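Participant: The file below is coords-v5.cif, mmCIF, C-alpha atoms and all ligand atoms:
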data_my_file
#
loop_
_atom_site.label_atom_id
_atom_site.label_comp_id
_atom_site.auth_asym_id
_atom_site.auth_seq_id
_atom_site.Cartn_x
_atom_site.Cartn_y
_atom_site.Cartn_z
CA MET A 1 -20.44 -17.63 -21.74
CA ARG A 2 -20.27 -13.97 -22.56
CA TRP A 3 -17.37 -13.10 -20.28
CA LYS A 4 -15.91 -9.63 -20.43
CA ASP A 5 -13.05 -10.04 -22.93
CA GLN A 6 -10.55 -8.28 -20.72
CA LEU A 7 -11.15 -10.74 -17.87
CA LEU A 8 -9.93 -13.65 -19.98
CA LYS A 9 -6.55 -11.98 -20.37
CA LEU A 10 -6.05 -11.15 -16.68
CA LYS A 11 -4.10 -13.19 -14.15
CA PRO A 12 -5.21 -13.33 -10.54
CA TYR A 13 -3.07 -11.38 -8.07
CA GLN A 14 0.17 -13.25 -7.35
CA PRO A 15 0.78 -12.98 -3.63
CA GLY A 16 4.32 -13.41 -2.32
CA LYS A 17 5.25 -16.95 -1.30
CA THR A 18 3.84 -17.98 2.06
CA ILE A 19 6.10 -18.99 4.94
CA GLY A 20 4.68 -22.53 4.89
CA GLU A 21 5.40 -22.95 1.18
CA VAL A 22 9.03 -21.88 1.53
CA LYS A 23 9.58 -24.10 4.58
CA ARG A 24 8.35 -27.14 2.70
CA GLN A 25 10.11 -26.35 -0.56
CA TYR A 26 13.57 -25.60 0.84
CA ASN A 27 13.42 -27.67 3.99
CA LEU A 28 14.07 -24.66 6.21
CA THR A 29 12.78 -24.06 9.71
CA ASP A 30 13.24 -20.32 10.11
CA ILE A 31 11.69 -18.09 7.51
CA VAL A 32 11.54 -14.31 7.55
CA LYS A 33 8.92 -12.77 5.28
CA LEU A 34 9.89 -9.29 4.12
CA ALA A 35 7.71 -9.31 1.03
CA SER A 36 4.36 -7.66 1.73
CA ASN A 37 5.19 -4.62 3.87
CA GLU A 38 3.48 -6.08 6.91
CA ASN A 39 4.44 -4.78 10.35
CA PRO A 40 7.29 -6.95 11.75
CA PHE A 41 6.18 -6.02 15.28
CA GLY A 42 2.66 -7.34 14.80
CA SER A 43 -0.06 -5.15 16.23
CA SER A 44 -0.79 -3.39 19.51
CA GLU A 45 -1.33 -5.56 22.62
CA ASN A 46 -4.58 -3.66 22.96
CA VAL A 47 -5.88 -5.52 19.89
CA LYS A 48 -5.35 -8.95 21.47
CA ARG A 49 -6.94 -7.76 24.71
CA LYS A 50 -10.03 -6.30 23.06
CA ILE A 51 -10.54 -9.30 20.81
CA ALA A 52 -10.22 -11.74 23.70
CA GLY A 53 -12.76 -9.66 25.60
CA ASN A 54 -15.17 -9.46 22.66
CA PRO A 55 -18.51 -10.97 23.76
CA GLY A 56 -18.83 -12.45 20.28
CA SER A 57 -22.39 -12.78 19.10
CA TYR A 58 -21.11 -14.09 15.81
CA SER A 59 -24.46 -15.32 14.58
CA VAL A 60 -25.59 -11.77 13.94
CA TYR A 61 -24.39 -9.59 11.10
CA PRO A 62 -21.82 -6.95 11.92
CA ASP A 63 -22.79 -3.29 12.09
CA GLY A 64 -22.85 -2.44 8.39
CA TYR A 65 -22.27 1.24 9.14
CA ALA A 66 -19.43 0.35 11.54
CA PHE A 67 -20.71 3.10 13.81
CA GLU A 68 -18.06 2.84 16.53
CA LEU A 69 -15.10 2.40 14.20
CA ARG A 70 -16.38 5.19 11.94
CA ASN A 71 -16.69 7.53 14.91
CA ALA A 72 -13.32 6.60 16.31
CA LEU A 73 -11.76 7.24 12.91
CA ALA A 74 -13.64 10.51 12.38
CA GLU A 75 -12.38 11.75 15.71
CA HIS A 76 -8.85 10.55 15.08
CA LEU A 77 -8.73 12.23 11.67
CA GLY A 78 -10.72 15.33 12.53
CA VAL A 79 -13.36 14.74 9.85
CA LYS A 80 -17.12 14.11 9.83
CA GLU A 81 -18.33 10.50 9.96
CA GLY A 82 -19.98 11.04 6.57
CA GLN A 83 -16.59 11.70 5.06
CA ILE A 84 -15.45 8.11 5.58
CA ILE A 85 -16.05 4.96 3.57
CA LEU A 86 -14.84 1.69 5.09
CA GLY A 87 -13.60 -1.26 3.10
CA ASN A 88 -12.51 -4.86 3.39
CA GLY A 89 -8.99 -3.51 3.05
CA SER A 90 -8.31 -0.41 0.98
CA ASP A 91 -8.16 -2.85 -1.93
CA GLU A 92 -11.94 -2.90 -1.74
CA ILE A 93 -12.14 0.90 -1.81
CA ILE A 94 -10.07 0.82 -5.00
CA GLN A 95 -12.56 -1.66 -6.43
CA ILE A 96 -15.54 0.45 -5.37
CA ILE A 97 -14.05 3.57 -6.97
CA ALA A 98 -13.31 1.69 -10.19
CA ARG A 99 -16.80 0.24 -10.24
CA ALA A 100 -18.35 3.64 -9.63
CA LEU A 101 -16.39 5.60 -12.21
CA LEU A 102 -14.70 3.44 -14.82
CA SER A 103 -16.21 1.97 -17.96
CA PRO A 104 -15.18 1.33 -21.57
CA GLN A 105 -16.07 4.96 -22.32
CA THR A 106 -13.42 6.25 -19.90
CA ASN A 107 -9.70 6.18 -19.33
CA THR A 108 -7.75 6.24 -16.09
CA VAL A 109 -4.27 7.62 -15.39
CA MET A 110 -1.64 6.19 -13.05
CA ALA A 111 2.11 5.94 -12.54
CA ALA A 112 4.22 2.94 -13.55
CA PRO A 113 5.33 1.15 -11.58
CA THR A 114 2.83 1.68 -8.81
CA PHE A 115 0.38 -0.39 -6.78
CA PRO A 116 -0.99 -2.90 -9.34
CA GLN A 117 -4.61 -2.86 -8.21
CA TYR A 118 -5.40 0.47 -9.90
CA LYS A 119 -4.62 -0.95 -13.31
CA HIS A 120 -6.14 -4.33 -12.53
CA ASN A 121 -9.51 -2.84 -11.57
CA GLY A 122 -9.38 -0.38 -14.47
CA ILE A 123 -8.97 -3.27 -16.89
CA ILE A 124 -11.85 -5.24 -15.38
CA GLU A 125 -14.15 -2.25 -15.89
CA GLY A 126 -13.02 -2.03 -19.52
CA SER A 127 -11.41 1.37 -19.05
CA GLU A 128 -8.31 2.38 -20.98
CA THR A 129 -5.36 2.52 -18.55
CA LYS A 130 -2.73 5.20 -19.14
CA GLU A 131 0.51 4.45 -17.34
CA ILE A 132 3.01 7.26 -16.95
CA PRO A 133 6.54 6.06 -16.08
CA VAL A 134 7.98 7.30 -12.78
CA VAL A 135 11.09 9.49 -12.89
CA ASN A 136 13.69 8.58 -10.26
CA GLY A 137 10.98 6.67 -8.41
CA ALA A 138 8.69 9.71 -8.29
CA HIS A 139 5.37 10.29 -10.04
CA ASP A 140 5.80 12.29 -13.23
CA LEU A 141 2.97 14.63 -12.28
CA ASP A 142 3.53 16.84 -15.30
CA GLY A 143 3.26 13.82 -17.58
CA MET A 144 0.19 12.61 -15.70
CA ALA A 145 -1.56 15.99 -15.93
CA THR A 146 -0.80 16.08 -19.66
CA ALA A 147 -2.29 12.59 -20.09
CA ILE A 148 -5.65 13.71 -18.71
CA ASP A 149 -8.26 14.26 -21.44
CA HIS A 150 -12.06 14.49 -21.74
CA GLN A 151 -12.44 10.74 -21.21
CA THR A 152 -10.36 10.61 -18.04
CA SER A 153 -12.42 9.90 -14.94
CA VAL A 154 -9.92 8.74 -12.30
CA VAL A 155 -6.26 9.55 -11.58
CA TRP A 156 -4.39 7.36 -9.10
CA LEU A 157 -1.59 8.77 -6.98
CA CYS A 158 0.32 6.58 -4.55
CA SER A 159 2.32 8.45 -1.92
CA PRO A 160 4.72 7.20 -0.78
CA ASN A 161 4.70 5.16 -3.95
CA ASN A 162 4.74 1.39 -3.69
CA PRO A 163 7.28 0.01 -4.77
CA THR A 164 9.69 2.99 -4.84
CA GLY A 165 8.97 4.60 -1.45
CA VAL A 166 9.15 8.08 -2.97
CA HIS A 167 6.51 10.58 -1.83
CA ILE A 168 4.68 13.50 -3.44
CA THR A 169 5.35 16.81 -1.69
CA GLU A 170 2.57 19.21 -0.71
CA GLU A 171 3.76 21.71 -3.29
CA GLU A 172 3.79 19.10 -6.05
CA LEU A 173 0.35 17.85 -5.06
CA THR A 174 -1.34 21.24 -4.98
CA ALA A 175 0.29 22.25 -8.28
CA PHE A 176 -1.01 19.01 -9.78
CA MET A 177 -4.53 19.43 -8.36
CA ALA A 178 -4.68 22.89 -9.95
CA ARG A 179 -4.27 21.24 -13.35
CA VAL A 180 -6.88 18.48 -12.85
CA PRO A 181 -10.42 19.22 -14.05
CA ASP A 182 -13.07 19.28 -11.28
CA ASP A 183 -14.88 16.24 -12.66
CA VAL A 184 -11.85 13.95 -12.50
CA LEU A 185 -11.50 12.06 -9.22
CA VAL A 186 -7.97 12.05 -7.81
CA VAL A 187 -7.30 9.04 -5.58
CA LEU A 188 -4.41 9.65 -3.20
CA ASP A 189 -3.38 6.28 -1.77
CA GLU A 190 -1.58 6.86 1.52
CA ALA A 191 -1.28 3.26 2.69
CA TYR A 192 2.04 4.11 4.38
CA TYR A 193 0.97 7.47 5.77
CA GLU A 194 1.88 6.67 9.38
CA TYR A 195 5.45 5.77 8.41
CA VAL A 196 6.14 9.11 6.73
CA VAL A 197 8.55 11.55 8.37
CA ALA A 198 9.22 13.99 5.50
CA ASP A 199 8.42 17.61 6.47
CA ASP A 200 7.09 18.44 3.03
CA PHE A 201 4.54 15.61 3.05
CA PRO A 202 1.06 17.10 2.53
CA ASP A 203 -1.55 17.33 5.25
CA SER A 204 -3.89 15.77 2.74
CA ILE A 205 -7.00 15.75 4.94
CA HIS A 206 -6.74 19.50 5.15
CA LEU A 207 -6.73 19.68 1.36
CA LEU A 208 -10.15 18.00 1.16
CA ASP A 209 -11.79 21.37 1.92
CA GLN A 210 -10.14 22.85 -1.11
CA TYR A 211 -10.41 19.95 -3.57
CA LYS A 212 -13.85 18.37 -3.87
CA ASN A 213 -12.45 15.82 -6.34
CA LEU A 214 -9.92 14.30 -3.94
CA ILE A 215 -10.22 11.02 -2.03
CA ILE A 216 -7.55 9.72 0.34
CA LEU A 217 -7.05 6.01 1.01
CA ARG A 218 -5.52 4.64 4.20
CA THR A 219 -5.37 1.23 5.79
CA PHE A 220 -5.02 -0.80 8.97
CA SER A 221 -2.92 -3.37 7.09
CA LYS A 222 0.46 -1.70 7.28
CA ILE A 223 1.71 0.12 10.40
CA TYR A 224 -1.37 -0.92 12.43
CA GLY A 225 -0.41 -4.53 11.79
CA LEU A 226 -3.89 -5.82 10.96
CA ALA A 227 -3.41 -7.07 7.38
CA GLY A 228 -5.14 -10.32 8.30
CA PHE A 229 -8.29 -8.50 9.34
CA ARG A 230 -8.76 -6.52 6.11
CA VAL A 231 -9.75 -2.97 7.09
CA GLY A 232 -9.06 0.07 4.95
CA TYR A 233 -10.88 3.32 4.34
CA GLY A 234 -11.38 6.29 2.10
CA ILE A 235 -11.73 9.91 3.24
CA ALA A 236 -13.35 12.51 0.99
CA ASN A 237 -16.08 15.09 0.94
CA GLU A 238 -19.50 13.97 2.10
CA ASP A 239 -20.92 14.31 -1.41
CA THR A 240 -18.33 11.93 -2.82
CA ILE A 241 -18.83 9.39 -0.05
CA ARG A 242 -22.61 9.56 -0.47
CA VAL A 243 -22.28 8.51 -4.11
CA LEU A 244 -19.79 5.73 -3.38
CA GLU A 245 -21.63 4.19 -0.41
CA PRO A 246 -24.29 2.30 -2.46
CA ALA A 247 -21.46 0.55 -4.33
CA ARG A 248 -20.15 -0.84 -1.04
CA GLU A 249 -21.27 -4.27 0.13
CA PRO A 250 -23.56 -3.91 3.14
CA PHE A 251 -21.45 -5.88 5.66
CA ASN A 252 -18.00 -5.51 4.15
CA VAL A 253 -16.06 -5.03 7.40
CA ASN A 254 -16.58 -8.01 9.66
CA ALA A 255 -17.33 -7.78 13.37
CA LEU A 256 -13.93 -8.85 14.71
CA ALA A 257 -12.14 -6.60 12.24
CA GLN A 258 -14.13 -3.61 13.53
CA THR A 259 -13.17 -4.45 17.13
CA ALA A 260 -9.53 -4.92 16.16
CA ALA A 261 -9.33 -1.65 14.22
CA ILE A 262 -10.82 0.39 17.08
CA ALA A 263 -8.37 -1.18 19.53
CA ALA A 264 -5.44 -0.54 17.18
CA LEU A 265 -6.42 3.09 16.74
CA GLU A 266 -6.46 3.59 20.52
CA ASP A 267 -2.79 2.72 20.87
CA GLN A 268 -0.98 5.56 19.10
CA LYS A 269 2.12 4.97 21.22
CA PHE A 270 2.62 1.65 19.42
CA ILE A 271 2.36 3.44 16.08
CA GLU A 272 4.98 5.97 17.07
CA GLU A 273 7.33 3.22 18.25
CA CYS A 274 6.90 1.35 14.96
CA ARG A 275 7.56 4.51 12.98
CA ASN A 276 10.81 5.07 14.92
CA GLU A 277 11.92 1.45 14.60
CA ASN A 278 11.25 1.68 10.89
CA ARG A 279 13.45 4.75 10.48
CA ALA A 280 16.27 2.97 12.30
CA GLY A 281 15.73 -0.10 10.12
CA LEU A 282 15.85 1.93 6.91
CA GLN A 283 19.13 3.37 8.12
CA GLN A 284 20.55 -0.18 8.34
CA PHE A 285 19.67 -0.71 4.68
CA TYR A 286 20.99 2.70 3.59
CA GLU A 287 24.33 2.00 5.27
CA PHE A 288 24.55 -1.43 3.65
CA CYS A 289 23.73 -0.04 0.20
CA ASP A 290 26.11 2.91 0.50
CA HIS A 291 28.86 0.60 1.64
CA ALA A 292 28.19 -1.96 -1.11
CA GLY A 293 27.77 0.69 -3.79
CA LEU A 294 24.15 -0.24 -4.53
CA THR A 295 21.65 2.41 -5.52
CA TYR A 296 18.23 2.70 -3.89
CA PHE A 297 15.44 5.20 -3.41
CA PRO A 298 15.34 6.84 0.03
CA SER A 299 12.00 5.63 1.33
CA GLN A 300 9.12 7.18 3.25
CA GLY A 301 7.51 3.76 3.61
CA ASN A 302 8.47 0.55 5.43
CA PHE A 303 10.17 -0.95 2.40
CA ILE A 304 13.13 -0.22 0.20
CA LEU A 305 13.73 -0.83 -3.49
CA ILE A 306 17.36 -1.77 -4.03
CA ASP A 307 19.02 -1.95 -7.44
CA PHE A 308 21.42 -4.90 -7.67
CA ASN A 309 22.32 -4.20 -11.26
CA THR A 310 21.58 -7.80 -12.14
CA ASP A 311 18.47 -9.95 -12.60
CA GLY A 312 16.33 -9.24 -9.53
CA GLN A 313 14.91 -12.75 -9.81
CA GLU A 314 18.37 -14.17 -9.06
CA VAL A 315 18.73 -12.08 -5.93
CA PHE A 316 15.22 -13.09 -4.90
CA GLN A 317 16.00 -16.79 -5.39
CA PHE A 318 19.32 -16.56 -3.53
CA LEU A 319 17.66 -14.95 -0.52
CA LEU A 320 14.73 -17.35 -0.64
CA GLU A 321 17.03 -20.35 -0.34
CA ARG A 322 18.46 -18.74 2.81
CA GLY A 323 15.03 -18.24 4.36
CA TYR A 324 14.32 -14.62 3.38
CA ILE A 325 11.24 -13.94 1.30
CA VAL A 326 11.49 -10.58 -0.47
CA ARG A 327 9.79 -9.26 -3.60
CA SER A 328 11.59 -9.65 -6.90
CA GLY A 329 11.63 -6.40 -8.85
CA THR A 330 10.71 -8.36 -11.98
CA ALA A 331 7.07 -8.40 -10.98
CA LEU A 332 7.23 -4.79 -9.81
CA GLY A 333 8.56 -3.12 -12.94
CA PHE A 334 12.17 -2.88 -11.67
CA PRO A 335 13.75 -6.00 -13.16
CA THR A 336 17.24 -5.33 -11.77
CA GLY A 337 16.18 -4.94 -8.17
CA ILE A 338 14.29 -6.28 -5.21
CA ARG A 339 11.88 -4.69 -2.76
CA VAL A 340 12.55 -5.53 0.86
CA THR A 341 10.18 -4.79 3.72
CA VAL A 342 11.96 -3.26 6.69
CA GLY A 343 11.86 -5.85 9.46
CA SER A 344 13.06 -5.90 13.06
CA LYS A 345 16.71 -5.00 13.72
CA GLU A 346 17.68 -8.69 13.76
CA GLN A 347 15.70 -9.53 10.64
CA ASN A 348 17.35 -6.63 8.82
CA GLU A 349 20.80 -7.78 9.93
CA GLY A 350 19.99 -11.27 8.69
CA VAL A 351 18.79 -10.26 5.25
CA ILE A 352 21.68 -7.79 4.88
CA LYS A 353 24.10 -10.61 5.67
CA ALA A 354 22.47 -12.77 3.00
CA MET A 355 22.56 -9.89 0.50
CA THR A 356 26.26 -9.38 1.24
CA GLU A 357 26.82 -13.08 0.57
CA PHE A 358 25.01 -12.71 -2.74
CA LEU A 359 27.26 -9.83 -3.76
CA ASN A 360 30.39 -11.84 -2.91
CA VAL A 361 29.23 -14.91 -4.83
CA ASP A 362 28.12 -12.72 -7.74
CA ALA A 363 31.49 -10.94 -7.84
CA ALA A 364 33.34 -14.29 -7.75
CA ILE A 365 31.31 -15.61 -10.68
CA SER A 366 31.76 -12.58 -12.88
CA LYS A 367 35.57 -12.59 -12.39
C1 LIG B 401 -0.77 -2.63 0.87
C2 LIG B 401 -1.33 -1.57 0.03
C3 LIG B 401 -2.70 -1.42 -0.14
C4 LIG B 401 -3.69 -2.47 0.29
O1 LIG B 401 -4.03 -2.39 1.57
P1 LIG B 401 -5.24 -3.24 2.15
O2 LIG B 401 -5.88 -2.24 3.03
O3 LIG B 401 -4.61 -4.37 2.86
O4 LIG B 401 -6.14 -3.69 1.06
C5 LIG B 401 -3.17 -0.35 -0.87
N1 LIG B 401 -2.33 0.51 -1.44
C6 LIG B 401 -1.00 0.37 -1.34
C7 LIG B 401 -0.12 1.34 -2.00
C8 LIG B 401 -0.45 -0.67 -0.61
O5 LIG B 401 0.86 -0.84 -0.56
#
Spit out the file's structure as structure tokens when you get a sec.
Ligand SMILES: *Cc1c(COP(=O)(O)O)cnc(C)c1O

Facilitator:
Amino acid sequence: MRWKDQLLKLKPYQPGKTIGEVKRQYNLTDIVKLASNENPFGSSENVKRKIAGNPGSYSVYPDGYAFELRNALAEHLGVKEGQIILGNGSDEIIQIIARALLSPQTNTVMAAPTFPQYKHNGIIEGSETKEIPVVNGAHDLDGMATAIDHQTSVVWLCSPNNPTGVHITEEELTAFMARVPDDVLVVLDEAYYEYVVADDFPDSIHLLDQYKNLIILRTFSKIYGLAGFRVGYGIANEDTIRVLEPAREPFNVNALAQTAAIAALEDQKFIEECRNENRAGLQQFYEFCDHAGLTYFPSQGNFILIDFNTDGQEVFQFLLERGYIVRSGTALGFPTGIRVTVGSKEQNEGVIKAMTEFLNVDAAISK
């Protein structure tokens, strides 16, 4: 077979361990998964209500245009319906953008570490991927602007950045945009947008008027608590969306997912509560780290990257055996740390207790 060469060298995405797997492997009954930045409070009650009340003519295709969801989103965001492209998760929007713009004749610029799907899709399309190391968890926007050349067709920005939680300020973003040529698409992935509280975070939708080469990605998988339904979207100028739309599969957002997303959007009170709970949860981790003398990046997301100054894989394994699934920094480009999703107050207390235990055991060993 004449496979694309680059595909033969790629590994499929390695998801975090599932709860079932860990239960079986370690003979545990209670498992807390703090590995994929899902919402520990689930989703709005309105979602369950609307889905239960869905008449369900599941033998017909869903609305490929997702008219109602598109309109609800357009109204919520204050944009035109033609400015939105919907995806089977924002993962699919990343794939659509890569498919539309990347080829072996191009290169694409991104931070490192950042969300792995930018690089993954770039490689599949045969594009050269230029990774610019983060500085103190933040995008090196100067380095990224310098890396742009005549072959560059897409730049990926992730704000707040996964896995560091560090955001790009409005001032930094506009200064960067001023340096990017008009024919280079800038993808601003704001998967954690609703968790952000920083005053200097950009009102990115507003910036779309000014920058025709900007597309914003958001998702229902994180604060909205609908990761299982797979709904994400891109927001850009109508011209950009018009070109991307033919690269989208016709029925990519399924019928129940559309219902769920509309219902989730209606309950903004739930979102606000989750944002507040998350801030309180982050505070629990900050206090633990400060007390234990561990360094971390203050986070605008619902996760925190903690440096344990030792093999992150060991910390990961120790916590796993105590029923806490986190993400080892090894796979995330921070080999001495772990990334922990902020859970409920009790879940945070539990994982902090286990991390404290790790530090005590570790200290005893190294004596
Ligand atoms: C989780 C995440 C996504 C993927 O979201 P889906 O909508 O579930 O595909 C995209 N970007 C970043 C930075 C994420 O953390």

Participant: As a list in words, please: every protein or nucleic acid residue near ligand LIG 401 (chain B) (cut-off 6 Å, counting only C-alpha atoms and all ligand atoms).

Facilitator: Gly89, Ser90, Asp91, Phe115, Cys158, Asn162, Asp189, Ala191, Thr219, Ser221, Ala227, Arg230, Val231 and Gly232 of chain A

Participant: May I ask for the distance between CA of Phe334 (chain A) and CA of Glu314 (chain A), given in Å to one decimal place?

Facilitator: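 Answer for the CA of Phe334 (chain A) to CA of Glu314 (chain A) separation: 13.1 Å.
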
Participant: What is the distance between CA of Gln258 (chain A) and CA of Asn71 (chain A), in Å to one decimal?

Facilitator: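 CA of Asn71 (chain A) lies 11.5 Å from CA of Gln258 (chain A).
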
Participant: Distance CA of Val351 (chain A)-CA of Gly42 (chain A), one decimal place?

Facilitator: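 Taking CA of Val351 (chain A) and CA of Gly42 (chain A), their separation equals 19.0 Å.
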
Participant: (-18.2, 5.8, 6.3) in this file's frame - what residues fall within 12 Å of it? Use only C-alpha atoms and give the answer as a ChimeraX atom specification.

Facilitator: /A:63-74,79-87,93,232-246,248,250,252-253

Participant: Would you pick out the contacts of Phe176 (chain A) at 10 Å or less, using all atoms listed in the file, so that residues sharing its chain but fewer than 4 positions from it are not included, and give the list as a PyMOL selection string?

Facilitator: chain A and resi 141-142+144-145+170-172+180

Participant: Write out as a list of chain:residue names each polymer residue whose atoms come within 10 Å of Val47 (chain A), counting all atoms listed in the file; drop sequence neighbours fewer than 3 positions from it.

Facilitator: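 Final neighbour list, sorted by chain and number: A:Ser43, A:Ser44, A:Lys50, A:Ile51, A:Ala52, A:Gly53, A:Tyr224, A:Gly225, A:Leu226, A:Ala257, A:Thr259, A:Ala260, A:Ala261, A:Ile262, A:Ala263, A:Ala264, A:Leu265, A:Glu266, A:Asp267.
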
Participant: Using only the atoms of region 345-355 of chain A listed in the file, plus 6 Å on each side, state the axis-aligned box centre and edge lengths in Å rounded to one decimal, as lines of an AutoDock Vina configuration file.

Facilitator:
center_x = 19.9
center_y = -8.9
center_z = 7.1
size_x = 20.4
size_y = 19.8
size_z = 25.3

Participant: Counting only C-alpha atoms, give me one row per residue of region 132-222 of chain A with an atom at most 9 Å from an atom of region 271-280 of chain A, showing the shortest contact pair and its distance in Å to one decimal, sorted by chain then residue number, as JSON lines.

Facilitator:
{"residue": "A:Glu194", "atom": "CA", "partner": "A:Arg275", "partner_atom": "CA", "distance": 7.1}
{"residue": "A:Tyr195", "atom": "CA", "partner": "A:Arg275", "partner_atom": "CA", "distance": 5.2}
{"residue": "A:Val196", "atom": "CA", "partner": "A:Arg275", "partner_atom": "CA", "distance": 7.9}
{"residue": "A:Val197", "atom": "CA", "partner": "A:Arg275", "partner_atom": "CA", "distance": 8.5}

Participant: What's the 8 Å shell around Gly126 (chain A), counting all atoms listed in the file, without same-chain residues fewer than 5 positions away, as a PyMOL selection string?

Facilitator: chain A and resi 6+102-104

Participant: Create the file for the chosen residues now, containing C-alpha atoms and written as a compact mmCIF listing (two decimals), in the frame of the given file.

Facilitator:
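The new file part16.txt reads:
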# COMPACT_ATOMS: atom_id res chain seq x y z
CA GLN A 6 -10.55 -8.28 -20.72
CA LEU A 102 -14.70 3.44 -14.82
CA SER A 103 -16.21 1.97 -17.96
CA PRO A 104 -15.18 1.33 -21.57

Participant: Please determine, counting all atoms listed in the file, which residue among A:Gly333, A:Asp182, A:Asp200, A:Gln25 has the shortest atom-to-atom distance to Val134 (chain A).

Facilitator: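 Counting all atoms listed in the file, the residue closest to Val134 (chain A) is A:Gly333.
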
Participant: Given only C-alpha atoms as the basis, pick out the residue of A:Met355, A:Ala247, A:Ala255, A:Ala98 nearest to Leu320 (chain A).

Facilitator: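 Under the stated criterion, the closest residue is A:Met355.
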
Participant: At a cut-off of 12 Å, using only C-alpha atoms, what residues contact Ala112 (chain A)? Leave out same-chain residues fewer than 6 positions from it and give the result as number ranges by chain.

Facilitator: A: 118-119, 129-141, 143-144, 156-158, 161-164, 331-334

Participant: With distances taken over only C-alpha atoms, which residue among A:Arg327, A:His150, A:Lys345, A:His291 lies nearest Asp183 (chain A)?

Facilitator: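 Checking each candidate against Asp183 (chain A), we get A:His150 as the closest.
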
Participant: My structure is short of atoms at region 324-336 of chain A; please model N, CA, C and O atoms there, returning them as a PDB file, keeping the file's coordinate frame.

Facilitator:
ATOM      1  N   TYR A 324      14.856 -15.984   3.423  1.00  0.00           N
ATOM      2  CA  TYR A 324      14.320 -14.620   3.380  1.00  0.00           C
ATOM      3  C   TYR A 324      13.440 -14.431   2.163  1.00  0.00           C
ATOM      4  O   TYR A 324      13.898 -14.541   1.024  1.00  0.00           O
ATOM      5  N   ILE A 325      12.153 -14.189   2.416  1.00  0.00           N
ATOM      6  CA  ILE A 325      11.240 -13.940   1.300  1.00  0.00           C
ATOM      7  C   ILE A 325      11.176 -12.438   1.067  1.00  0.00           C
ATOM      8  O   ILE A 325      10.753 -11.685   1.938  1.00  0.00           O
ATOM      9  N   VAL A 326      11.625 -11.986  -0.099  1.00  0.00           N
ATOM     10  CA  VAL A 326      11.490 -10.580  -0.470  1.00  0.00           C
ATOM     11  C   VAL A 326      10.671 -10.517  -1.757  1.00  0.00           C
ATOM     12  O   VAL A 326      10.158 -11.543  -2.211  1.00  0.00           O
ATOM     13  N   ARG A 327      10.531  -9.351  -2.341  1.00  0.00           N
ATOM     14  CA  ARG A 327       9.790  -9.260  -3.600  1.00  0.00           C
ATOM     15  C   ARG A 327      10.783  -9.012  -4.739  1.00  0.00           C
ATOM     16  O   ARG A 327      11.581  -8.070  -4.664  1.00  0.00           O
ATOM     17  N   SER A 328      10.752  -9.860  -5.735  1.00  0.00           N
ATOM     18  CA  SER A 328      11.590  -9.650  -6.900  1.00  0.00           C
ATOM     19  C   SER A 328      11.082  -8.433  -7.664  1.00  0.00           C
ATOM     20  O   SER A 328       9.881  -8.260  -7.851  1.00  0.00           O
ATOM     21  N   GLY A 329      12.014  -7.585  -8.104  1.00  0.00           N
ATOM     22  CA  GLY A 329      11.630  -6.400  -8.850  1.00  0.00           C
ATOM     23  C   GLY A 329      11.001  -6.724 -10.205  1.00  0.00           C
ATOM     24  O   GLY A 329      10.307  -5.897 -10.789  1.00  0.00           O
ATOM     25  N   THR A 330      11.241  -7.943 -10.682  1.00  0.00           N
ATOM     26  CA  THR A 330      10.710  -8.360 -11.980  1.00  0.00           C
ATOM     27  C   THR A 330       9.209  -8.130 -12.063  1.00  0.00           C
ATOM     28  O   THR A 330       8.699  -7.600 -13.042  1.00  0.00           O
ATOM     29  N   ALA A 331       8.528  -8.531 -10.987  1.00  0.00           N
ATOM     30  CA  ALA A 331       7.070  -8.400 -10.980  1.00  0.00           C
ATOM     31  C   ALA A 331       6.633  -6.976 -10.664  1.00  0.00           C
ATOM     32  O   ALA A 331       5.461  -6.642 -10.784  1.00  0.00           O
ATOM     33  N   LEU A 332       7.589  -6.129 -10.266  1.00  0.00           N
ATOM     34  CA  LEU A 332       7.230  -4.790  -9.810  1.00  0.00           C
ATOM     35  C   LEU A 332       7.629  -3.699 -10.797  1.00  0.00           C
ATOM     36  O   LEU A 332       7.495  -2.510 -10.514  1.00  0.00           O
ATOM     37  N   GLY A 333       8.155  -4.116 -11.945  1.00  0.00           N
ATOM     38  CA  GLY A 333       8.560  -3.120 -12.940  1.00  0.00           C
ATOM     39  C   GLY A 333       9.961  -2.585 -12.741  1.00  0.00           C
ATOM     40  O   GLY A 333      10.353  -1.594 -13.350  1.00  0.00           O
ATOM     41  N   PHE A 334      10.762  -3.228 -11.864  1.00  0.00           N
ATOM     42  CA  PHE A 334      12.170  -2.880 -11.670  1.00  0.00           C
ATOM     43  C   PHE A 334      13.005  -4.145 -11.756  1.00  0.00           C
ATOM     44  O   PHE A 334      13.448  -4.681 -10.746  1.00  0.00           O
ATOM     45  N   PRO A 335      13.180  -4.656 -12.978  1.00  0.00           N
ATOM     46  CA  PRO A 335      13.750  -6.000 -13.160  1.00  0.00           C
ATOM     47  C   PRO A 335      15.151  -6.195 -12.595  1.00  0.00           C
ATOM     48  O   PRO A 335      15.574  -7.332 -12.419  1.00  0.00           O
ATOM     49  N   THR A 336      15.885  -5.128 -12.295  1.00  0.00           N
ATOM     50  CA  THR A 336      17.240  -5.330 -11.770  1.00  0.00           C
ATOM     51  C   THR A 336      17.302  -5.174 -10.256  1.00  0.00           C
ATOM     52  O   THR A 336      18.379  -5.046  -9.687  1.00  0.00           O
TER      53      THR A 336
END
